[in-house]
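Undergrad: This is the content of run-v5.cif (mmCIF, C-alpha atoms):
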data_protein
#
loop_
_atom_site.label_atom_id
_atom_site.label_comp_id
_atom_site.auth_asym_id
_atom_site.auth_seq_id
_atom_site.Cartn_x
_atom_site.Cartn_y
_atom_site.Cartn_z
CA ASN A 235 102.77 108.84 116.18
CA SER A 236 102.27 110.90 119.31
CA LYS A 237 99.00 112.54 118.36
CA THR A 238 96.96 109.38 118.87
CA SER A 239 98.70 107.53 121.70
CA LYS A 240 96.26 106.06 124.22
CA THR A 241 98.42 107.43 127.00
CA GLY A 242 98.04 110.97 125.74
CA THR A 243 101.80 111.41 126.08
CA GLY A 244 102.94 109.93 122.82
CA SER A 245 104.73 107.02 124.49
CA MET A 246 104.73 103.62 122.83
CA PRO A 247 104.49 100.23 124.59
CA GLN A 248 107.76 99.03 126.11
CA SER A 249 109.29 96.02 124.43
CA SER A 250 112.41 93.96 123.95
CA PRO A 251 112.00 92.78 120.35
CA GLU A 252 113.96 89.78 119.17
CA ASP A 253 114.04 90.99 115.61
CA GLY A 254 112.65 93.74 113.44
CA ASP A 255 110.47 92.92 110.49
CA GLY A 256 110.96 96.23 108.75
CA GLU A 257 108.61 98.90 107.50
CA THR A 258 105.39 98.34 105.64
CA THR A 259 102.70 100.66 104.45
CA ALA A 260 99.34 99.68 105.85
CA THR A 261 96.62 99.05 103.29
CA PRO A 262 93.60 101.27 103.94
CA PRO A 263 90.70 99.28 105.42
CA SER A 264 87.60 98.72 103.32
CA PRO A 265 84.83 101.31 103.71
CA ASN A 266 83.20 101.40 107.13
CA PRO A 267 79.40 101.73 106.97
CA ASN A 268 79.48 103.76 110.20
CA ASN A 269 82.00 106.29 108.91
CA HIS A 270 80.91 109.88 108.51
CA ARG A 271 83.76 110.51 106.08
CA ASP A 272 85.40 108.37 103.39
CA ILE A 273 88.46 106.64 104.87
CA ASN A 274 90.24 107.18 101.55
CA ASP A 275 89.81 110.94 101.87
CA LYS A 276 92.39 112.71 99.72
CA ASP A 277 93.61 114.63 102.75
CA SER A 278 94.63 111.43 104.58
CA ASP A 279 98.24 110.27 104.48
CA ALA A 280 99.28 106.63 104.28
CA LEU A 281 100.17 104.95 107.55
CA THR A 282 103.72 103.60 107.57
CA VAL A 283 104.33 100.96 110.23
CA ASN A 284 107.53 99.45 111.61
CA TYR A 285 106.88 95.97 113.00
CA VAL A 286 108.84 93.92 115.53
CA THR A 287 108.41 90.31 116.63
CA GLU A 288 108.79 89.38 120.27
CA LYS A 289 108.39 86.27 122.39
CA ILE A 290 106.43 87.25 125.50
CA THR A 291 106.37 84.82 128.41
CA TYR A 292 103.97 84.99 131.36
CA HIS A 293 104.93 82.94 134.43
CA TYR A 294 102.36 81.54 136.80
CA SER A 295 104.63 81.15 139.81
CA THR A 296 108.09 82.07 141.10
CA THR A 297 109.07 78.52 141.99
CA PRO A 298 109.26 75.36 139.83
CA ARG A 299 106.64 72.69 140.26
CA ASN A 300 107.61 69.26 141.65
CA GLY A 301 111.20 70.30 142.28
CA GLY A 302 111.95 70.88 138.61
CA THR A 303 114.22 73.49 137.08
CA SER A 304 113.21 77.11 136.67
CA ASP A 305 112.60 76.47 132.97
CA GLU A 306 109.85 74.02 133.89
CA ARG A 307 107.63 76.56 135.64
CA GLU A 308 104.07 76.81 134.42
CA HIS A 309 104.18 79.55 131.83
CA LEU A 310 102.54 80.88 128.71
CA ALA A 311 104.79 81.89 125.81
CA ILE A 312 103.38 83.79 122.84
CA GLN A 313 105.23 84.85 119.71
CA ILE A 314 103.74 88.18 118.74
CA LYS A 315 104.28 90.65 115.92
CA TYR A 316 103.15 94.21 116.50
CA ALA A 317 103.89 97.78 115.48
CA SER A 318 106.71 99.43 117.40
CA THR A 319 106.49 102.80 115.62
CA THR A 320 104.24 104.44 113.06
CA ARG A 321 104.33 107.56 110.97
CA GLY A 322 102.04 109.25 108.51
CA ARG A 323 98.38 109.67 109.32
CA ASN A 324 97.05 109.56 112.85
CA LEU A 325 96.25 106.12 114.24
CA ILE A 326 92.70 107.33 114.80
CA GLU A 327 91.51 109.25 111.77
CA ASN A 328 88.23 109.54 109.88
CA ASN A 329 86.71 107.01 112.32
CA VAL A 330 89.36 104.43 111.39
CA ASP A 331 91.09 103.20 114.57
CA SER A 332 94.44 101.53 113.89
CA THR A 333 95.68 101.58 117.49
CA GLY A 334 95.32 97.79 117.55
CA LEU A 335 98.47 97.43 115.46
CA LEU A 336 100.41 98.24 118.63
CA LEU A 337 100.72 96.11 121.75
CA TRP A 338 99.06 97.86 124.70
CA PRO A 339 99.90 97.24 128.38
CA ALA A 340 96.44 96.19 129.63
CA SER A 341 96.73 93.12 127.38
CA HIS A 342 99.46 91.69 129.61
CA LEU A 343 97.26 91.67 132.70
CA LEU A 344 94.37 89.94 130.93
CA CYS A 345 96.74 87.33 129.46
CA HIS A 346 98.02 86.59 132.96
CA TYR A 347 94.46 86.23 134.23
CA LEU A 348 93.76 83.68 131.48
CA LEU A 349 96.90 81.78 132.52
CA HIS A 350 95.58 81.82 136.09
CA LEU A 351 92.30 80.26 134.94
CA HIS A 352 94.28 77.56 133.17
CA ASN A 353 96.33 76.77 136.27
CA ALA A 354 93.65 77.17 138.94
CA ASP A 355 92.47 73.61 138.42
CA THR A 356 94.13 72.35 135.27
CA ALA A 357 92.34 69.04 134.85
CA ALA A 358 88.87 70.39 135.55
CA THR A 359 89.49 73.53 133.52
CA LYS A 360 90.48 71.58 130.44
CA ARG A 361 87.34 69.47 130.70
CA ARG A 362 84.86 72.26 131.05
CA ARG A 363 86.58 75.10 129.09
CA VAL A 364 85.70 77.70 131.72
CA LEU A 365 85.28 80.59 129.27
CA GLY A 366 83.20 78.53 126.83
CA ARG A 367 82.61 80.20 123.48
CA THR A 368 84.70 83.36 123.55
CA ILE A 369 84.80 86.43 121.33
CA GLU A 370 87.39 89.19 121.61
CA LEU A 371 86.49 92.76 120.65
CA GLY A 372 89.23 95.11 119.46
CA CYS A 373 91.70 92.22 119.26
CA GLY A 374 94.46 94.20 117.55
CA CYS A 375 97.52 92.00 117.16
CA GLY A 376 95.60 89.16 118.81
CA ILE A 377 97.67 88.41 121.91
CA VAL A 378 94.72 87.99 124.30
CA GLY A 379 92.66 85.77 122.00
CA ILE A 380 95.75 83.67 121.26
CA ALA A 381 96.32 83.32 125.02
CA ALA A 382 92.75 82.06 125.42
CA ALA A 383 93.34 79.46 122.69
CA LEU A 384 96.78 78.32 123.90
CA THR A 385 95.61 77.87 127.48
CA GLU A 386 92.66 75.81 126.25
CA ILE A 387 90.20 77.58 128.54
CA SER A 388 87.83 78.41 125.66
CA SER A 389 85.99 75.93 123.47
CA ARG A 390 86.16 78.42 120.60
CA VAL A 391 87.78 81.86 120.18
CA VAL A 392 86.78 84.47 117.61
CA CYS A 393 89.11 87.49 117.51
CA THR A 394 87.52 90.61 116.00
CA ASP A 395 88.63 94.12 115.15
CA GLY A 396 87.19 96.95 113.08
CA ASP A 397 90.51 97.57 111.31
CA CYS A 398 91.33 95.25 108.39
CA ASP A 399 95.07 95.63 108.99
CA ALA A 400 94.67 94.58 112.61
CA VAL A 401 92.67 91.51 111.56
CA ALA A 402 95.40 90.56 109.06
CA LEU A 403 98.06 91.02 111.75
CA CYS A 404 96.06 88.87 114.17
CA GLN A 405 95.74 86.12 111.55
CA GLU A 406 99.50 86.21 111.03
CA ASN A 407 100.12 85.87 114.76
CA ILE A 408 97.63 83.01 115.01
CA ALA A 409 99.65 81.16 112.37
CA VAL A 410 103.01 81.90 114.01
CA ASN A 411 101.75 80.34 117.24
CA GLY A 412 100.78 77.10 115.51
CA LEU A 413 97.05 77.71 115.55
CA SER A 414 96.31 77.90 111.83
CA SER A 415 96.02 74.20 110.95
CA ALA A 416 92.68 72.84 109.79
CA GLU A 417 92.11 71.37 113.24
CA LYS A 418 93.07 74.55 115.08
CA LYS A 419 90.89 76.73 112.83
CA GLU A 420 87.97 75.22 114.70
CA VAL A 421 89.51 76.66 117.87
CA ILE A 422 90.47 80.22 116.88
CA SER A 423 89.82 82.55 113.97
CA ALA A 424 89.94 86.28 113.22
CA ARG A 425 87.15 88.34 111.70
CA ARG A 426 86.38 91.99 111.05
CA LEU A 427 83.61 93.42 113.21
CA GLN A 428 82.68 97.05 113.74
CA TRP A 429 80.96 97.79 117.03
CA GLY A 430 77.30 98.46 116.37
CA ASP A 431 77.22 96.35 113.20
CA ALA A 432 74.39 94.05 114.24
CA ALA A 433 74.20 92.30 110.86
CA LYS A 434 77.87 91.28 110.95
CA ALA A 435 77.60 90.16 114.57
CA THR A 436 74.61 88.01 113.61
CA GLN A 437 76.59 86.51 110.74
CA ILE A 438 79.46 85.58 113.06
CA MET A 439 77.05 83.92 115.48
CA HIS A 440 75.46 81.96 112.63
CA GLU A 441 78.91 80.75 111.57
CA MET A 442 79.50 79.61 115.15
CA GLY A 443 76.54 77.29 114.79
CA GLY A 444 74.24 79.50 116.83
CA CYS A 445 70.85 80.80 115.85
CA GLY A 446 72.26 84.24 115.15
CA GLU A 447 70.21 85.82 117.89
CA GLU A 448 71.38 87.18 121.23
CA GLY A 449 73.51 84.90 123.35
CA SER A 450 75.84 82.82 121.17
CA PHE A 451 78.94 83.56 123.27
CA ASP A 452 79.64 82.72 126.89
CA THR A 453 82.43 85.27 127.30
CA VAL A 454 83.46 88.54 125.70
CA ILE A 455 87.08 89.57 126.29
CA ALA A 456 88.81 92.86 125.51
CA ALA A 457 91.93 94.77 126.57
CA ASP A 458 92.73 98.48 126.34
CA ILE A 459 89.80 99.28 124.07
CA VAL A 460 88.46 102.15 126.21
CA TYR A 461 90.68 105.20 126.59
CA PRO A 462 90.39 109.00 126.67
CA ALA A 463 89.72 109.29 122.92
CA THR A 464 86.79 106.84 123.13
CA SER A 465 83.61 108.86 122.67
CA GLU A 466 80.32 108.29 124.46
CA TYR A 467 78.80 107.27 121.12
CA VAL A 468 81.47 104.60 120.58
CA LEU A 469 80.96 103.33 124.13
CA LYS A 470 77.25 103.01 123.41
CA LEU A 471 78.02 100.94 120.30
CA LEU A 472 80.43 98.78 122.31
CA PHE A 473 77.85 97.81 124.91
CA ARG A 474 75.18 97.35 122.28
CA THR A 475 77.46 94.83 120.56
CA VAL A 476 78.41 93.06 123.80
CA ARG A 477 74.75 92.78 124.71
CA GLN A 478 73.96 91.20 121.34
CA LEU A 479 76.81 88.69 121.48
CA LEU A 480 76.66 87.59 125.10
CA ARG A 481 74.34 84.89 126.37
CA HIS A 482 72.04 85.85 129.22
CA PRO A 483 71.93 84.94 132.00
CA GLY A 484 75.41 83.71 132.86
CA GLY A 485 77.53 85.47 130.23
CA LYS A 486 80.43 87.68 131.28
CA PHE A 487 82.44 90.50 129.80
CA LEU A 488 86.12 90.62 130.86
CA LEU A 489 87.62 94.04 130.15
CA SER A 490 91.21 94.94 131.00
CA PHE A 491 91.09 98.69 131.54
CA ILE A 492 93.55 101.50 132.31
CA SER A 493 92.52 104.89 133.65
CA ARG A 494 94.67 107.48 131.87
CA ASP A 495 92.85 110.73 132.63
CA GLY A 496 91.77 110.63 136.24
CA HIS A 497 88.03 110.25 136.76
CA ARG A 498 86.90 111.20 133.24
CA THR A 499 87.10 107.95 131.26
CA PRO A 500 86.13 105.69 134.21
CA LEU A 501 83.02 107.81 134.72
CA ARG A 502 82.05 107.63 131.03
CA LEU A 503 82.67 103.87 131.05
CA LEU A 504 80.56 103.41 134.17
CA ASP A 505 77.72 105.51 132.75
CA ALA A 506 77.81 103.59 129.44
CA ALA A 507 77.83 100.23 131.23
CA THR A 508 74.84 101.30 133.35
CA GLU A 509 72.92 102.46 130.30
CA GLY A 510 73.77 99.19 128.55
CA GLY A 511 72.52 97.13 131.49
CA PHE A 512 75.85 95.88 132.89
CA CYS A 513 76.99 95.72 136.50
CA VAL A 514 80.68 96.60 136.82
CA GLY A 515 82.91 94.56 139.12
CA CYS A 516 86.63 93.95 139.42
CA ILE A 517 88.90 90.92 139.79
CA PRO A 518 91.69 92.06 142.15
CA GLU A 519 95.18 91.49 140.78
CA LYS A 520 96.26 89.81 144.02
CA GLU A 521 93.81 86.98 143.28
CA PHE A 522 95.56 85.88 140.09
CA VAL A 523 99.12 87.25 140.17
CA PRO A 524 101.11 85.32 142.80
CA GLU A 525 103.41 87.29 145.06
CA GLY A 526 106.82 87.75 143.53
CA VAL A 527 105.70 87.21 139.92
CA GLU A 528 106.77 90.10 137.71
CA LEU A 529 104.55 91.29 134.90
CA PRO A 530 105.45 93.49 131.95
CA PRO A 531 104.46 97.13 132.61
CA VAL A 532 100.66 97.26 132.89
CA MET A 533 100.23 100.94 133.87
CA GLY A 534 97.81 100.22 136.69
CA ALA A 535 95.47 98.10 134.56
CA LYS A 536 92.52 96.32 136.16
CA VAL A 537 90.51 93.34 134.97
CA LEU A 538 86.89 94.43 135.12
CA LEU A 539 84.11 91.85 135.24
CA LEU A 540 80.86 93.09 133.71
CA THR A 541 77.63 91.10 133.90
CA ARG A 542 74.12 91.83 132.64
CA GLY A 543 71.33 92.43 135.10
CA ASP A 544 67.98 94.01 135.72
CA VAL A 545 68.00 97.72 134.88
CA LYS A 546 67.10 98.82 138.41
CA ASP A 547 69.60 96.47 140.05
CA VAL A 548 72.37 97.53 137.66
CA ARG A 549 71.80 101.21 138.35
CA THR A 550 71.77 100.68 142.12
CA ALA A 551 74.93 98.55 142.07
CA ASN A 552 76.90 100.92 139.83
CA GLU A 553 75.82 104.01 141.75
CA ASN A 554 77.40 102.47 144.86
CA LEU A 555 80.81 102.29 143.17
CA GLY A 556 83.50 104.94 143.41
CA GLY A 557 84.00 105.23 147.17
CA GLU A 558 87.44 105.48 148.74
CA ASP A 559 87.50 101.74 149.51
CA CYS A 560 86.01 100.67 146.16
CA GLU A 561 88.15 98.09 144.35
CA VAL A 562 86.75 99.00 140.95
CA PHE A 563 87.19 102.79 140.77
CA PRO A 564 88.47 103.97 144.18
CA GLY A 565 87.88 107.65 144.86
CA LEU A 566 85.90 108.20 141.68
CA ARG A 567 82.96 109.97 143.29
CA ALA A 568 85.17 112.30 145.35
CA ALA A 569 87.14 113.19 142.21
CA VAL A 570 83.93 114.07 140.39
CA VAL A 571 82.79 116.30 143.28
CA ARG A 572 86.17 118.07 143.35
CA ALA A 573 86.04 118.67 139.61
CA LEU A 574 82.55 120.17 139.89
CA GLU A 575 83.59 122.39 142.79
CA GLU A 576 86.66 123.64 140.94
CA SER A 577 84.53 124.39 137.89
CA SER A 578 81.96 126.36 139.92
CA GLU A 579 84.66 128.37 141.70
CA GLU A 580 86.10 129.81 138.53
CA GLU A 581 85.84 133.60 138.54
CA TRP A 582 82.96 134.83 136.43
CA GLU A 583 83.36 137.97 134.37
CA ALA A 584 80.52 139.87 132.77
CA PRO A 585 80.64 139.84 128.97
CA PHE A 586 81.77 143.02 127.20
CA LEU A 587 78.74 144.78 125.80
CA GLY A 588 80.46 147.70 124.14
CA ASP A 589 80.51 151.44 124.97
CA ASP A 590 77.61 152.97 126.88
CA GLU A 591 77.65 156.06 124.69
CA ASP A 592 75.51 156.26 121.62
CA ASP A 593 77.27 156.12 118.28
CA ASP A 594 75.38 159.16 116.98
#
Before we go any further, please render this structure as structure tokens.
TA:
Amino acid sequence: NSKTSKTGTGSMPQSSPEDGDGETTATPPSPNPNNHRDINDKDSDALTVNYVTEKITYHYSTTPRNGGTSDEREHLAIQIKYASTTRGRNLIENNVDSTGLLLWPASHLLCHYLLHLHNADTAATKRRRVLGRTIELGCGCGIVGIAAALTEISSRVVCTDGDCDAVALCQENIAVNGLSSAEKKEVISARRLQWGDAAKATQIMHEMGGCGEEGSFDTVIAADIVYPATSEYVLKLLFRTVRQLLRHPGGKFLLSFISRDGHRTPLRLLDAATEGGFCVGCIPEKEFVPEGVELPPVMGAKVLLLTRGDVKDVRTANENLGGEDCEVFPGLRAAVVRALEESSEEEWEAPFLGDDEDDD
């Protein structure tokens, strides 16, 4: 389904599936209160999806611990089912975003970062659950939320997506990874949540045992949820939702992000974060991917760390980003200046006003 690929090139995520699960026709999600058009519009085609199941393993180091065999390295193995191909309607149509049915490359980097947190100080990490109460936005097939649960770095994980089919797929993957027992249901669950739906976010926080007001979650996690097709309006809803869910002070938003269109999407993301009151930082890959460890293709993904702050401080901090040596968005400001200069240098032609002679 090339018309809605996040890469803009129609390419699908690379994979080495162990087995194919065959084609299914996705059930249309229930009506979205934020939709401008009915998702069951008669002009919309059904979405036919071909699923595969794959065991993905992330290794923490290149050498075994304590002289063991290579199979005894610290690793994280996740059995994941996801869409390998789709046909029919666009993945993003009538404000219904079904891109989460696929497995996107930025997810791999965030999963590896979660494995790093687990291994950084295993005993202490398991005691304090460094991510605390965690909610994932745009979970899709659920690989990142499942990683957070399997590594035991979160006291509770709630995976959310606005697409009913993605939520169902996430629930299936939770079960496949042995996390669906009555005991494990207290650790991880999957729910539908549309960004900007304050009432549903409040309900989820109530169910977590919170008061339902701002601040029930210690960490928000997300991977590959911001891409060229993401509008400024959707970004505004995203940060409004993160702000509602995240405790303050001390809460953090971990976003694995890929720049696919030069400076354009990073600039919109930075502007939206500033407006939402979030400072944007970055966790360098070298800090959590040991030398020699090979990752699946991540397409230049970065793990961004966003934290709430005073409006003035946030604006000042974010305005200082984008220099040539910036780890977050290197060269962003220069790219913006070049784009403006190129736009202003375009040759201007006077509009045609018709013949000078009268029509008499």
Undergrad: Run through the PyMOL selection byres ((chain A and resi 457) around 12) on the given coordinates and return the selected residues as a VMD selection string.
TA: chain A and resid 333 to 334 337 to 345 347 370 to 379 393 395 454 to 456 458 to 461 487 to 492 532 535 to 538
Undergrad: Would you work out the distance separating CA of Glu561 in chain A from CA of Cys516 in chain A, expressed in Å to one decimal?
TA: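 Distance reported for this atom pair: 6.6 Å.
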Undergrad: Of the residues A:Val476, A:Leu540, A:Leu529, A:Val548, which is the one nearest to Glu509 in chain A, using all atoms listed in the file?
TA: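 Closest candidate: A:Val548.
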Undergrad: To one decimal place in Å, what is the distance between CA of Val330 in chain A and CA of Lys315 in chain A?
TA: 20.8 Å
Undergrad: On this structure, the PyMOL selection byres ((chain A and resi 421) around 12) would catch which residues? List them as a PyMOL selection string, sorted by chain and number.
TA: chain A and resi 363+366-369+379-393+408+412-420+422-424+442
Undergrad: Identify which of the residues A:Gly534, A:Gly484, A:Pro524, A:Gly443 lies closest to His346 in chain A, counting all atoms listed in the file when measuring atom-to-atom distances.
TA: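 For His346 in chain A, the nearest of the candidates is A:Pro524.
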Undergrad: Of the residues A:Leu349, A:Ala280, A:Met533, A:Leu503, which is the one nearest to Asn552 in chain A, using all atoms listed in the file?
TA: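 Answer, going by the shortest atom-to-atom distance: A:Leu503.
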Undergrad: Show me the residues around (86.6, 108.0, 141.5) - criterion: an atom at most 10 Å away, all atoms listed in the file counted - as a list of chain:residue names.
TA: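 Protein and nucleic acid residues near the point are A:Gly496, A:His497, A:Arg498, A:Pro500, A:Leu501, A:Leu555, A:Gly556, A:Gly557, A:Glu558, A:Cys560, A:Val562, A:Phe563, A:Pro564, A:Gly565, A:Leu566, A:Arg567, A:Ala568, A:Ala569, A:Val570, A:Val571.
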Undergrad: Using only C-alpha atoms, can you tell me which of A:Lys486, A:Arg474, A:His293, A:Arg502 comes closest to His350 in chain A?
TA: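 Comparing A:Lys486, A:Arg474, A:His293, A:Arg502 against His350 in chain A, the winner is A:His293.
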Undergrad: List, as an NGL selection string, every residue that the PyMOL selection byres ((chain A and resi 511) around 6) selects in the file provided.
TA: :A and (508-510 or 512 or 542 or 545)
Undergrad: What does the structure give for the distance between CA of Gly515 in chain A and CA of Phe473 in chain A, in Å to one decimal?
TA: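 Taking CA of Gly515 in chain A as the start and CA of Phe473 in chain A as the end point, the length is 15.4 Å.
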Undergrad: With 6 Å as the threshold, what does the neighbourhood of (86.8, 80.7, 134.2) contain in terms of residues, counting all atoms listed in the file? Coordinates are those of the file; answer as a compact mmCIF listing (two decimals) with C-alpha atoms, keeping the file's coordinate frame.
TA:
# COMPACT_ATOMS: atom_id res chain seq x y z
CA LEU A 351 92.30 80.26 134.94
CA VAL A 364 85.70 77.70 131.72
CA LEU A 365 85.28 80.59 129.27
Undergrad: Go through A:Ala354, A:Leu336, A:Leu348, A:Ile438 one by one, measure the shortest atom-to-atom distance of each to Cys404 in chain A using only C-alpha atoms, and give the residue with the smallest value.
TA: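 Of the candidates, the smallest distance to Cys404 in chain A is held by A:Leu336.
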Undergrad: So for range 426-441 of chain A, what box centre and size do we get, axis-aligned, 3 Å extra on each of the six sides, every listed atom, Å to one decimal, as JSON?
TA:
{"center_x": 80.3, "center_y": 89.6, "center_z": 113.9, "size_x": 18.2, "size_y": 23.7, "size_z": 12.3}
